[in-house]
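A short write-up of the structure that comes next.
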Amino acid sequence: MSETKETKTFTKRMITKVIVFVVLFFILLHTIMGVFRIDDYSIYSRENGFKQERENTLDAVFIGASPVFSFYEAPLAWRDYGISVFTYSFPSLQPWAVKYRVIEARKTQKDSLYIISLNTFKRDLFTVQVMHRNLDYMPWSLNKVRLFATLVQKGNFSPAKTMEFLFPIIQFHSRWSTMTSKEFVHPVDGLKGAYPHNPFLREHLDATGMAVITDKRAEVPAEQRDALIDLMDYLEKENIRTLFVTSPQIYDEETAAQMNTLNDMVRERGFDCLDLDGKWEDMDIQMDTDIHDENHTNIHGAIKFTKYLSEYLISNYGFTDKRGLPGWESWDESYDKFLYYMSPYTTDFERDHARRDYLLEKPESVKASIAEGAVRLTWQEVKDAEGYVIYRKGGYLGEERDLVFIAEVPKGLLSFDDTVLTPGETYRLPSYLSVTKARKRSMGNSIRKQLR
Amino acid sequence: MTIVSLPFFILVAATVLCYYIVPKKYRWLVLLAASGLFYWFNSGILLLVLVTTSLVTFLIGLWIAKIQEAQQKHLDDHPDLSREEKKKEKEAAKKRTKRVLLLGILLVLGALLVLKYANFFIDNFNSLAAAVHAEGTLPRLNLLLPLGISFYTLQAIAYMTDVYRGKQKADRDPVRFLLFMSFFPQIVQGPIPRYGQLASQLYEGHEFDYKKLTFGVQLMLWGLMKKIVLADRLAMPANQLFGHYENYNGPILFVGSLLYGLQVYCDFSGGMDIARGVAQMLGIDLEKNFDQPYFASSIEDFWRRWHMTMGSWMKDYVFYPLSLSKTFTNLGRKSRKVFGTFVGKRLPSFLAMFIVYFLVGFWHGPNWKYVAFGLWNGLFIMFGILMENVYKKAREKCGIDEGSISWRVFRMVRTLFVVTLGRYFSRADDFTSAVQMLKRTFINWWDLSFLTEGKLLNMGLNNANWYLLLAMILLLFFVDLQHERGISFREVIARQSLIFRWGIYIGTVLFLLIFGLYGPAYDAAAFIYGQF
């Protein structure tokens, strides 16, 4: 009897040990696998940067392959119009993968407009690199497994090859001997999906006379057509607000005719559709200076396309200006960051043309000092300011909270006592000071103070 | 499905799980199913060759046993037979069983000779015909080589011979016997099992033993480490040097052969560790095939420690039957008269040894270079025996203490030197290339500039990989040294705390995942001995 009891205890202990061991092993394996993936950190940044956006806050999510982030630069749209359009797009995105990308994006951004680049459906390419680009950085979920299964089936990959796509370490562990510290720690670039790749920004192709414009229609290859139908079925079923956009590209006549057919398919199903194919002049895109290659613009073309599409979105979907509003600091920063990459290749006018009607200067020298039961904020006067808005970021250390409006003070006052505090308790008081003039705001300046 | 592939590990995991789940009496069926699957995935329809060989071997064993039983029954039924008559009966039966055994050997060996060596014979015949200006050539055959045929052929011959010799009872169950012939961990590259040692272990259902399971896993991981971290990495410079030897002169070629020797050792012994580890997880002990061969003090000692199961097979089924045969005994008598006692006494065993090493070489592959490789080793052993007395006197004169470490190290290095030169024959593309390489090694034999000129970095391994390789060779040396001293690492690990043990397990797997050469980024070499 006691022997049976002992055996049972032993078995239970053994099972527990096995479970703990397996869990521990997979945690470590997952960590290691996070290092050995395809060496393309812009994908990593786009994937993780998107997850860092506050839930249900984005105006739009722009999904497609590389043309999306070569044509449309989200930080520029923010700078000029204050709209948040995240380019959740990936190089070589497979037509079949678009649906799964929408599903993935909707996990955190349910209410956004989904802009789908129809150019993504113009070709259907399955290579090992394409598979890794589509899968490696996507977080593990049932959705990823489904995407994986679809791509493997559509791409007719052998089972031996398949494992490599699920576990990219099989393909990329050989990089260990050439690795740098960058591989282990990659901060998210904060560019909202923009692509800071030098050649994309810098180089140009003289494409004068290369563009083919046609009214013809041509049959779209079955796989691409089916992938689009599959996506539209899903969008319709989930009742997702969608806009299909075709960026102007340089095709042969056959592909141009196929793009027309794809646009017809979308229109016939009743989706919003913006076909910009061949409309280079409408956007003022110069064929000799603004094109990078047949499929992509360079930074000059991107600035023009971004302006055109942003204005279209504002007038058709009512996106509002959120610049200077609390909670959008990372978008303010995204332009500063992108400016760093685009500056060497752009003119002063391109960099600053939107600042003509842009905002006031940031308030400088914001300081916080502890007064009796309060935190006193002081700052220097800002030229032309009509008032100052004060926000507080509540919560304890390490806890992220939204900014809370505290007060608005008129011009002339250059200090404010934040008194809604309980003495004796520890607060983190990152406050945020923004300057107002009429309906415009400056980008704010923040300060943190801990009160005991 | 190689034994370092993911499907193999899935098969192993599934087999282990099923093995301990099903009732004991059916466990051997799990092993048979796993073996069938493994062979089918690797060789497809060539599974039929293995099944046919097994069936032939089984039937021959049974036939021999029937003759022996009939003879025994006859003797039992006729107790009144005189001694002479009994002897006569026995001799007649033995003659019949011998004929059946020879038929069996002819059949299984014939399959090996046809499938593996037919083109070798055809090529040699054609070359000979060309040499004598004969017209016409024999066409080469397009034959597929069944996986592990060199190994299971020897296994089959050993079984039939053991039954013939009365050392082993014949198996009565052809399906179970198929398991003995096809047991999946060892089918690719051995160890070459004996029926008496393995069969009963396969047939009986083993109790789950946690210690055996963990020890098996550890052995498997160590084998994998040797194979995919060391052997495949060593293969890169070795392939470069042997493949382009005409670009090199001097000791760098010797280094290439040294690296190749290590590669073969890690590859083959790594494969053995995986096979033995998998078997151990199932409660089955396979024979040891390596005993730290690079610590050998002589070539003879080296071959006692290297591919031990083939060495003992050659000893039991070739060397002794030959050297104790009437022909060889008579030859000994005659040679003593001609060459004197010292040489004459040794001549028959030298001849048997010559045949053994010829066969060892030939077994490795259908190429004269392998024969040269076998004979290189055999001749050094014979030379050593002949010079034994001279060496002894020289040692005494020089006052060398045979127990001293320096002497032991000297012998080890000397053995390594000869073995490494012998590897030229087994690795070079052909016999002529091996001879050319040997010549080139001793041109500028003092030139060590390859160590400083960065030549080693042009052989597929960058600095980091060379450092890793060196570190791993040192680890291998350390582990083998402990084994040589009789210390079992697995026992040492078993005594450690849970955290340490888990650290070792998880750390090793992750180490293998990162530093192992596998996957599409590498052209992973197949197990070298799987080809033999």
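The chains in the structure tokens are called A, B, ... from first to last as shown; in each chain the residues are counted from 1, and the ligands are counted from 1 in the order shown.
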Using only C-alpha atoms, tabulate the residues of chain A lying at most 6 Å from any atom of chain B, each with its closest atom pair and that distance in Å to one decimal, by chain and increasing residue number, as JSON lines.
{"residue": "A:Ile170", "atom": "CA", "partner": "B:Gly519", "partner_atom": "CA", "distance": 5.3}
{"residue": "A:Gln171", "atom": "CA", "partner": "B:Ala521", "partner_atom": "CA", "distance": 5.7}
{"residue": "A:His173", "atom": "CA", "partner": "B:Ile514", "partner_atom": "CA", "distance": 5.1}
{"residue": "A:Ser177", "atom": "CA", "partner": "B:Ala464", "partner_atom": "CA", "distance": 5.6}
Output file for the residues above (C-alpha atoms, as a PDB file, in the first residue's frame):
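Result file out12.pdb:
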ATOM      1  CA  ILE A 170      17.917  26.301 -38.207  1.00  0.00           C
ATOM      2  CA  GLN A 171      18.795  28.683 -41.020  1.00  0.00           C
ATOM      3  CA  HIS A 173      22.502  29.957 -36.329  1.00  0.00           C
ATOM      4  CA  SER A 177      30.588  33.911 -35.455  1.00  0.00           C
TER       5      SER A 177
END
I want to know what sits within 10 Å of A:Asp293, based on only C-alpha atoms, with residues of the same chain fewer than 4 positions away left out; could you give that as a list in words? Phe200, Glu203, His204, Leu205, Asp206, Ala207, Gln249, Ile250, Thr297 and Asn298 of chain A
Can you write just those residues out, C-alpha atoms, as a CSV table (one decimal), in the first residue's frame?
chain,number,residue,atom,x,y,z
A,200,PHE,CA,15.9,53.9,-50.8
A,203,GLU,CA,19.3,56.8,-55.1
A,204,HIS,CA,17.2,57.7,-58.1
A,205,LEU,CA,16.4,56.1,-61.4
A,206,ASP,CA,15.7,58.3,-64.4
A,207,ALA,CA,12.4,56.7,-65.3
A,249,GLN,CA,4.6,51.9,-60.3
A,250,ILE,CA,6.5,51.2,-63.5
A,297,THR,CA,10.0,56.0,-54.9
A,298,ASN,CA,13.0,57.7,-53.2
As a ChimeraX atom specification, please: every residue in stretch 57-306 of chain A that DSSP puts in strand (DSSP E or B). /A:60-63,85-87,113-117,242-246,272-275,291,297
For a quick check of understanding, using only C-alpha atoms, which of A:Ile169, A:Val266, A:Met342, A:Leu93 has the smallest distance to A:His197?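 Residue with the minimum atom-to-atom distance to A:His197: A:Met342.
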Which residue, B:Tyr19, B:Trp28, B:Phe268, B:Phe38, has the smallest gap to B:Val175 when you use only C-alpha atoms?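 The shortest atom-to-atom distance to B:Val175 comes from B:Trp28.
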Determine which residues of stretch 410-485 of chain B receive a DSSP assignment of helix (DSSP H, G or I), computed from the backbone, and state them as a ChimeraX atom specification. /B:410-427,431-441,449-451,455-458,463-484
Neighbours of stretch 135-151 of chain B within 10 Å (only C-alpha atoms; same-chain residues fewer than 3 positions away dropped), as a VMD selection string? chain B and resid 39 42 to 50 53 108 to 109 111 to 123 125 to 127 129 to 130 132 154 to 156 181 to 182 186 to 193 310 363 to 365 529 to 532
Go ahead and dump the residues you just picked, C-alpha atoms, as a compact mmCIF listing (two decimals), in the first residue's frame.
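Saved the output as selection_12.txt:
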# COMPACT_ATOMS: atom_id res chain seq x y z
CA TYR B 39 14.93 2.12 -43.03
CA ASN B 42 16.13 6.27 -45.74
CA SER B 43 16.18 3.66 -48.45
CA GLY B 44 12.63 3.06 -49.60
CA ILE B 45 12.31 -0.09 -51.62
CA LEU B 46 15.87 -1.17 -50.74
CA LEU B 47 14.31 -2.29 -47.49
CA LEU B 48 13.58 -5.44 -49.46
CA VAL B 49 17.30 -6.20 -49.71
CA LEU B 50 17.57 -6.04 -45.93
CA THR B 53 19.18 -10.87 -46.36
CA VAL B 108 24.76 -12.59 -48.26
CA LEU B 109 28.33 -11.78 -49.20
CA ALA B 111 24.74 -9.43 -52.42
CA LEU B 112 27.33 -7.14 -50.85
CA LEU B 113 29.92 -7.87 -53.55
CA VAL B 114 27.46 -7.28 -56.35
CA LEU B 115 25.82 -4.17 -54.95
CA LYS B 116 28.90 -2.49 -53.55
CA TYR B 117 31.85 -3.87 -55.49
CA ALA B 118 30.54 -4.84 -58.96
CA ASN B 119 31.66 -1.58 -60.56
CA PHE B 120 35.04 -1.85 -58.87
CA PHE B 121 35.59 -5.26 -60.45
CA ILE B 122 34.26 -4.03 -63.80
CA ASP B 123 36.56 -0.98 -63.76
CA PHE B 125 38.69 -5.65 -65.55
CA ASN B 126 38.35 -2.88 -68.13
CA SER B 127 41.68 -1.34 -67.10
CA ALA B 129 41.75 -5.34 -70.72
CA ALA B 130 42.94 -1.95 -71.92
CA VAL B 132 46.61 -5.86 -72.77
CA LEU B 154 29.02 -8.99 -41.32
CA GLN B 155 26.28 -9.33 -38.69
CA ALA B 156 24.58 -12.02 -40.77
CA MET B 181 19.06 -7.55 -38.30
CA SER B 182 17.47 -4.12 -38.59
CA GLN B 186 22.84 0.60 -35.22
CA ILE B 187 21.80 -0.29 -38.75
CA VAL B 188 23.60 2.68 -40.38
CA GLN B 189 27.08 2.27 -39.01
CA GLY B 190 27.18 -0.36 -36.34
CA PRO B 191 28.38 -1.36 -33.84
CA ILE B 192 28.38 -4.79 -35.51
CA PRO B 193 26.42 -6.80 -32.98
CA MET B 310 34.81 -4.94 -36.58
CA TRP B 363 35.52 -3.42 -46.59
CA HIS B 364 35.87 0.37 -46.31
CA GLY B 365 35.18 0.84 -49.99
CA TYR B 529 30.94 5.41 -41.92
CA GLY B 530 27.39 5.29 -43.19
CA GLN B 531 28.92 5.00 -46.65
CA PHE B 532 30.88 1.87 -45.86
Hey, what's within 10 Å of A:Trp280 if we count only C-alpha atoms and toss same-chain stuff fewer than 2 positions away? As a list in words, please? Ala211, Ser247, Pro248, Gln249, Leu276, Asp277, Gly278, Asp282, Met283, Asp284, Ile285, Gln286, Met287, Gly301, Lys304 and Phe305 of chain A
Can you pull out every residue within 12 Å of B:Phe9, counting only C-alpha atoms, but drop anything in the same chain fewer than 3 positions away, and send it as a PyMOL selection string? chain B and resi 1-6+12-16+34+38+185+217+220-221+224+274-275+277-278
Output N, CA and C atoms for every residue in the selection just made, as a PDB file, in the first residue's frame.
ATOM      1  N   MET B   1      16.444  10.666 -43.699  1.00  0.00           N
ATOM      2  CA  MET B   1      16.451  10.759 -42.246  1.00  0.00           C
ATOM      3  C   MET B   1      17.783  10.245 -41.696  1.00  0.00           C
ATOM      4  N   THR B   2      18.741  11.180 -41.552  1.00  0.00           N
ATOM      5  CA  THR B   2      20.011  10.746 -40.953  1.00  0.00           C
ATOM      6  C   THR B   2      19.828  10.706 -39.438  1.00  0.00           C
ATOM      7  N   ILE B   3      20.824  10.154 -38.762  1.00  0.00           N
ATOM      8  CA  ILE B   3      20.633  10.078 -37.308  1.00  0.00           C
ATOM      9  C   ILE B   3      21.003  11.383 -36.591  1.00  0.00           C
ATOM     10  N   VAL B   4      21.231  12.432 -37.377  1.00  0.00           N
ATOM     11  CA  VAL B   4      21.366  13.752 -36.751  1.00  0.00           C
ATOM     12  C   VAL B   4      20.298  14.703 -37.277  1.00  0.00           C
ATOM     13  N   SER B   5      19.190  14.141 -37.723  1.00  0.00           N
ATOM     14  CA  SER B   5      18.135  15.008 -38.263  1.00  0.00           C
ATOM     15  C   SER B   5      16.951  15.067 -37.299  1.00  0.00           C
ATOM     16  N   LEU B   6      16.170  16.113 -37.448  1.00  0.00           N
ATOM     17  CA  LEU B   6      15.006  16.287 -36.576  1.00  0.00           C
ATOM     18  C   LEU B   6      14.024  15.117 -36.686  1.00  0.00           C
ATOM     19  N   VAL B  12      12.818   8.836 -32.501  1.00  0.00           N
ATOM     20  CA  VAL B  12      13.354   8.304 -31.234  1.00  0.00           C
ATOM     21  C   VAL B  12      12.388   8.606 -30.093  1.00  0.00           C
ATOM     22  N   ALA B  13      11.935   9.859 -30.025  1.00  0.00           N
ATOM     23  CA  ALA B  13      11.032  10.245 -28.928  1.00  0.00           C
ATOM     24  C   ALA B  13       9.752   9.408 -28.977  1.00  0.00           C
ATOM     25  N   ALA B  14       9.204   9.265 -30.194  1.00  0.00           N
ATOM     26  CA  ALA B  14       7.958   8.494 -30.339  1.00  0.00           C
ATOM     27  C   ALA B  14       8.196   7.025 -29.981  1.00  0.00           C
ATOM     28  N   THR B  15       9.341   6.495 -30.400  1.00  0.00           N
ATOM     29  CA  THR B  15       9.638   5.088 -30.108  1.00  0.00           C
ATOM     30  C   THR B  15       9.769   4.861 -28.602  1.00  0.00           C
ATOM     31  N   VAL B  16      10.514   5.764 -27.952  1.00  0.00           N
ATOM     32  CA  VAL B  16      10.714   5.614 -26.500  1.00  0.00           C
ATOM     33  C   VAL B  16       9.359   5.674 -25.787  1.00  0.00           C
ATOM     34  N   ALA B  34       9.645   0.807 -35.576  1.00  0.00           N
ATOM     35  CA  ALA B  34      10.526   1.981 -35.685  1.00  0.00           C
ATOM     36  C   ALA B  34      11.670   1.702 -36.654  1.00  0.00           C
ATOM     37  N   PHE B  38      12.361   3.706 -40.075  1.00  0.00           N
ATOM     38  CA  PHE B  38      13.650   4.373 -40.270  1.00  0.00           C
ATOM     39  C   PHE B  38      14.288   3.936 -41.586  1.00  0.00           C
ATOM     40  N   PRO B 185      18.934   2.019 -34.368  1.00  0.00           N
ATOM     41  CA  PRO B 185      20.060   2.888 -33.998  1.00  0.00           C
ATOM     42  C   PRO B 185      21.393   2.418 -34.587  1.00  0.00           C
ATOM     43  N   VAL B 217      20.227   9.782 -23.002  1.00  0.00           N
ATOM     44  CA  VAL B 217      20.098  11.131 -23.572  1.00  0.00           C
ATOM     45  C   VAL B 217      21.457  11.832 -23.555  1.00  0.00           C
ATOM     46  N   MET B 220      23.713  10.504 -26.197  1.00  0.00           N
ATOM     47  CA  MET B 220      23.253  10.976 -27.497  1.00  0.00           C
ATOM     48  C   MET B 220      23.700  12.426 -27.725  1.00  0.00           C
ATOM     49  N   LEU B 221      23.547  13.258 -26.697  1.00  0.00           N
ATOM     50  CA  LEU B 221      23.943  14.661 -26.836  1.00  0.00           C
ATOM     51  C   LEU B 221      25.447  14.790 -27.073  1.00  0.00           C
ATOM     52  N   LEU B 224      26.137  13.836 -30.570  1.00  0.00           N
ATOM     53  CA  LEU B 224      25.745  14.936 -31.470  1.00  0.00           C
ATOM     54  C   LEU B 224      26.785  16.042 -31.469  1.00  0.00           C
ATOM     55  N   ILE B 274      25.509   8.215 -30.423  1.00  0.00           N
ATOM     56  CA  ILE B 274      24.074   8.448 -30.664  1.00  0.00           C
ATOM     57  C   ILE B 274      23.348   7.102 -30.683  1.00  0.00           C
ATOM     58  N   ALA B 275      23.917   6.148 -31.423  1.00  0.00           N
ATOM     59  CA  ALA B 275      23.278   4.824 -31.513  1.00  0.00           C
ATOM     60  C   ALA B 275      23.174   4.174 -30.138  1.00  0.00           C
ATOM     61  N   GLY B 277      23.326   5.671 -27.260  1.00  0.00           N
ATOM     62  CA  GLY B 277      22.462   6.485 -26.403  1.00  0.00           C
ATOM     63  C   GLY B 277      20.994   6.160 -26.633  1.00  0.00           C
ATOM     64  N   VAL B 278      20.617   6.075 -27.909  1.00  0.00           N
ATOM     65  CA  VAL B 278      19.214   5.765 -28.232  1.00  0.00           C
ATOM     66  C   VAL B 278      18.857   4.383 -27.689  1.00  0.00           C
TER      67      VAL B 278
END
Atomic separation - atom CA of A:Asn56 relative to atom CA of A:Asp111, Å: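 Separation between atom CA of A:Asp111 and atom CA of A:Asn56: 5.9 Å.
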I'd like the neighbourhood of A:Val61 as a PyMOL selection string, where a residue qualifies if any of its atoms comes within 12 Å (using only C-alpha atoms), though same-chain residues fewer than 6 positions away should be ignored. chain A and resi 46+50+53+68-69+72+74+83-89+101-106+108-117+192-193+240-244+313
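In terms of minimum interatomic distance to B:Val418, B:Gly261 ranks closest within B:Pro79, B:Gly332, B:Gly403, B:Gly261, counting only C-alpha atoms.
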Interatomic distance between atom CA of B:Trp40 and atom CA of B:Ile284?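 Atom CA of B:Ile284 lies 22.6 Å from atom CA of B:Trp40.
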Tell me which of A:Ile303, A:Leu76, A:Ala407, A:Ala256 sits closest to A:Asp332, counting only C-alpha atoms. A:Leu76
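Picture a line from atom CA of A:Glu73 to atom CA of A:Thr306; it runs 6.2 Å.
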